[in-house]
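Have a look at the structure below before the remarks.
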Amino acid sequence: MEFFARGTLKAVKRRDVIIVIDVLRCCSTIVTALANGATCIIPVKTILEARRLKKRHPRFVVAGERKGLKPKGFDLGNSPLEFSYRNVAGRGIILTTTSGTKAISSSRKGKWVLVGAFLNAKAIAEASLKIAEKEKTGIFLVLAGKEGQFSLEDFLCAGAIAESFPNRRVELSDAAMAALQSFKGARHSLDTTVKQGSHAQYLEKKGFNHDVEFCSQMNVFNVVPFLREGRIVLLETSFGSSTQELFG
């Protein structure tokens with residue numbers, strides 16, 4: 001398992017299993033929305049694109065943020081706490097965020113693109129290892145960060161996923177090993193450690209302290225979001241021969 005900020009294209013060419021991580025808050029929101037019954041999520045890069053898609057899919061929820069705040073006219077922001085069963089069950093979601101949806105879009109040509117967070121670290125680790133062993137390929141983590149820059153919470157989440165690999169059947173790169181050791185040192189005070197990060201502090205200043213606390217929880221959901229033909233769905237409910245062979 002490895003990760004490197006500019007290595008996504010190489011990972012796609014190698015046909016690695018790609019895990020996109022944006023703990024605060026895009027990937028945590030995606031995990032929560034699908035766990036609460038959303039049918040799919042369409043990640044887009046721009047607000048304009050989101051608004052255009054909303055016109056084509058009027059029943060979809062349009063959601064997202066810029067500078068942490070909900071854009072004008074959107075149904076929901078980017079707080080995972082907004083994506084309750086009542087708000088999203090049985091509905092599709094169009095989502096655009098500053099960093100997370102861009103990282104997902106940059107990985108869209110990969111055969112296996114999964115979405116990870118602390119909230120589903122164990123489920124993501126188990127699913128990605130199963131796929132990688134079946135496909136005889138590697139696992140590559142894309143850390144979205146804040147506007148593409150390093151972020152503490154995404155680095156720690158990479159370590160949480162690394163620790164969750166069953167039986168340690170994965171060879172870790174030096175960067176992944178560093179993330180693992182950092183997570184081990186932080187896991188008993190994960191919420192406190194995450195709050196020391198610059199993005200967490202920014203969100204708290206904007207009034208989203210409950211989001212930071214929620215996103216810092218480990219293994220709340222046993223779901224694996226999977227990017228398929230431009231839409232993020234639950235891996236177990238996606239169809240196609242490859243998925244059925246692995247999880248059928």
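Residues are referred to by chain and number: the chain letter is A, B, ... according to the order shown in the structure tokens, the number counts from 1 in that chain, and ligands are numbered separately from 1 in the order shown.
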
>> To test your reading of the structure, identify every residue in range 30-189 of chain A that backbone DSSP assigns to helix (DSSP H, G or I), and report it as an MDAnalysis selection string.
In response: chainID A and resid 30:35 47:56 80:82 85:88 100:106 118:135 152:163 166:168 174:189

Write out as JSON lines the residues of range 13-107 of chain A that have any atom within 8 Å of an atom of range 129-146 of chain A, one row each with the nearest atom pair and its distance in Å to one decimal, counting only C-alpha atoms, sorted by chain and then rising number.
```
{"residue": "A:Arg14", "atom": "CA", "partner": "A:Thr137", "partner_atom": "CA", "distance": 7.4}
{"residue": "A:Arg15", "atom": "CA", "partner": "A:Thr137", "partner_atom": "CA", "distance": 6.7}
{"residue": "A:Asp16", "atom": "CA", "partner": "A:Gly138", "partner_atom": "CA", "distance": 4.8}
{"residue": "A:Val17", "atom": "CA", "partner": "A:Ile139", "partner_atom": "CA", "distance": 4.7}
{"residue": "A:Ile18", "atom": "CA", "partner": "A:Phe140", "partner_atom": "CA", "distance": 4.8}
{"residue": "A:Ile19", "atom": "CA", "partner": "A:Leu141", "partner_atom": "CA", "distance": 4.8}
{"residue": "A:Val20", "atom": "CA", "partner": "A:Val142", "partner_atom": "CA", "distance": 4.7}
{"residue": "A:Ile21", "atom": "CA", "partner": "A:Leu143", "partner_atom": "CA", "distance": 5.1}
{"residue": "A:Asp22", "atom": "CA", "partner": "A:Ala144", "partner_atom": "CA", "distance": 5.3}
{"residue": "A:Thr98", "atom": "CA", "partner": "A:Lys146", "partner_atom": "CA", "distance": 7.9}
{"residue": "A:Ser99", "atom": "CA", "partner": "A:Ala144", "partner_atom": "CA", "distance": 5.9}
{"residue": "A:Gly100", "atom": "CA", "partner": "A:Ala144", "partner_atom": "CA", "distance": 5.7}
{"residue": "A:Ala103", "atom": "CA", "partner": "A:Ala144", "partner_atom": "CA", "distance": 5.7}
```

Mind dumping a table of every range 94-162 of chain A residue within 12 Å of range 207-218 of chain A, with the nearest atom pair and its distance in Å to one decimal, using only C-alpha atoms, sorted by chain and rising number, as CSV?
```
residue,atom,partner,partner_atom,distance
A:Gly116,CA,A:Cys215,CA,11.3
A:Ala117,CA,A:Cys215,CA,7.8
A:Phe118,CA,A:Met218,CA,4.9
A:Leu119,CA,A:Met218,CA,5.0
A:Asn120,CA,A:Met218,CA,7.0
A:Ala121,CA,A:Met218,CA,7.0
A:Lys122,CA,A:Met218,CA,8.4
A:Ala123,CA,A:Met218,CA,10.7
A:Ile124,CA,A:Met218,CA,11.9
A:Leu152,CA,A:Ser216,CA,11.8
A:Glu153,CA,A:Ser216,CA,8.4
A:Asp154,CA,A:Ser216,CA,10.6
A:Leu156,CA,A:Ser216,CA,10.2
A:Cys157,CA,A:Ser216,CA,9.2
A:Ala160,CA,A:Met218,CA,8.5
A:Ile161,CA,A:Met218,CA,10.2
```

>> Residues near Lys184 in chain A, anyone? I mean within 10 Å using only C-alpha atoms, not counting same-chain ones fewer than 4 positions away, as an NGL selection string.
In response: :A and (156 or 159-160 or 163 or 178-180 or 188 or 190)

With N, CA and C atoms retained, write the just-selected residues as a compact mmCIF listing (two decimals), in the first residue's frame.
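Okay, part_27.txt is ready:
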```
# COMPACT_ATOMS: atom_id res chain seq x y z
N LEU A 156 -3.66 10.66 9.03
CA LEU A 156 -4.00 9.73 10.10
C LEU A 156 -4.99 8.67 9.63
N GLY A 159 -3.34 5.91 7.96
CA GLY A 159 -2.80 5.00 8.96
C GLY A 159 -3.86 4.10 9.56
N ALA A 160 -5.06 4.65 9.77
CA ALA A 160 -6.16 3.84 10.31
C ALA A 160 -6.54 2.72 9.35
N GLU A 163 -3.81 0.03 9.42
CA GLU A 163 -3.89 -0.82 10.60
C GLU A 163 -5.03 -1.84 10.47
N ALA A 178 4.67 5.45 7.96
CA ALA A 178 4.68 6.65 8.81
C ALA A 178 3.26 7.02 9.24
N ALA A 179 2.31 6.90 8.32
CA ALA A 179 0.91 7.19 8.65
C ALA A 179 0.39 6.21 9.68
N LEU A 180 0.75 4.93 9.54
CA LEU A 180 0.32 3.91 10.49
C LEU A 180 0.85 4.21 11.89
N HIS A 188 -6.06 6.78 20.58
CA HIS A 188 -6.78 6.85 21.85
C HIS A 188 -7.25 8.27 22.17
N LEU A 190 -8.09 10.42 19.27
CA LEU A 190 -8.17 10.77 17.86
C LEU A 190 -8.87 12.11 17.64
```

>> Let me make sure I understand: among A:Glu229, A:Glu147, A:Glu2, A:Glu82, which one has the smallest atom-to-atom distance to Thr97 in chain A if we use only C-alpha atoms?
In response: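 Smallest distance to Thr97 in chain A is found for A:Glu147.
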
> Which distance in Å separates CA of Val194 in chain A and CA of Gly68 in chain A, to one decimal?
Replying inline: 16.8 Å

> Which residue, A:Val224, A:Lys195, A:Gln201, A:Lys13, has the smallest gap to Arg108 in chain A when you use only C-alpha atoms?
Replying inline: A:Lys13

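Distance check against Ser182 in chain A using only C-alpha atoms: of A:Val170, A:Val61, A:Ala162, A:Ala50, the minimum falls on A:Ala162.
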
> Using only C-alpha atoms, which of A:Val233, A:Asn219, A:Ala200, A:Thr96 sits nearest Lys54 in chain A?
Replying inline: A:Thr96

>> I need the residues of range 24-225 of chain A that end up classed as strand (DSSP E) by DSSP on the backbone, written out as a list in words.
In response: Cys40, Ile41, Ile42, Pro43, Val61, Val62, Ala63, Gly64, Gly92, Ile93, Ile94, Leu95, Thr96, Trp112, Val113, Leu114, Val115, Gly116, Ile139, Phe140, Leu141, Val142, Leu143 and Pro225 of chain A

> CA of Val115 in chain A and CA of Ile30 in chain A are how many Å apart?
Replying inline: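 Answer for the CA of Val115 in chain A to CA of Ile30 in chain A separation: 7.8 Å.
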
> Expressed in Å to a single decimal, how great is the separation between CA of Asn222 in chain A and CA of Val31 in chain A?
Replying inline: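 Atom-to-atom, CA of Asn222 in chain A to CA of Val31 in chain A, that is 9.2 Å.
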
> Using only C-alpha atoms, which of the listed residues (A:Thr8, A:Ser128, A:Thr29, A:Ser105) sits closest to Pro43 in chain A?
Replying inline: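 Among the listed residues, the smallest separation from Pro43 in chain A belongs to A:Ser105.
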
>> When you count only C-alpha atoms, which of these residues is closest to Phe74 in chain A: A:Ile94, A:Ala176, A:Ala11, A:Val113?
In response: A:Ile94
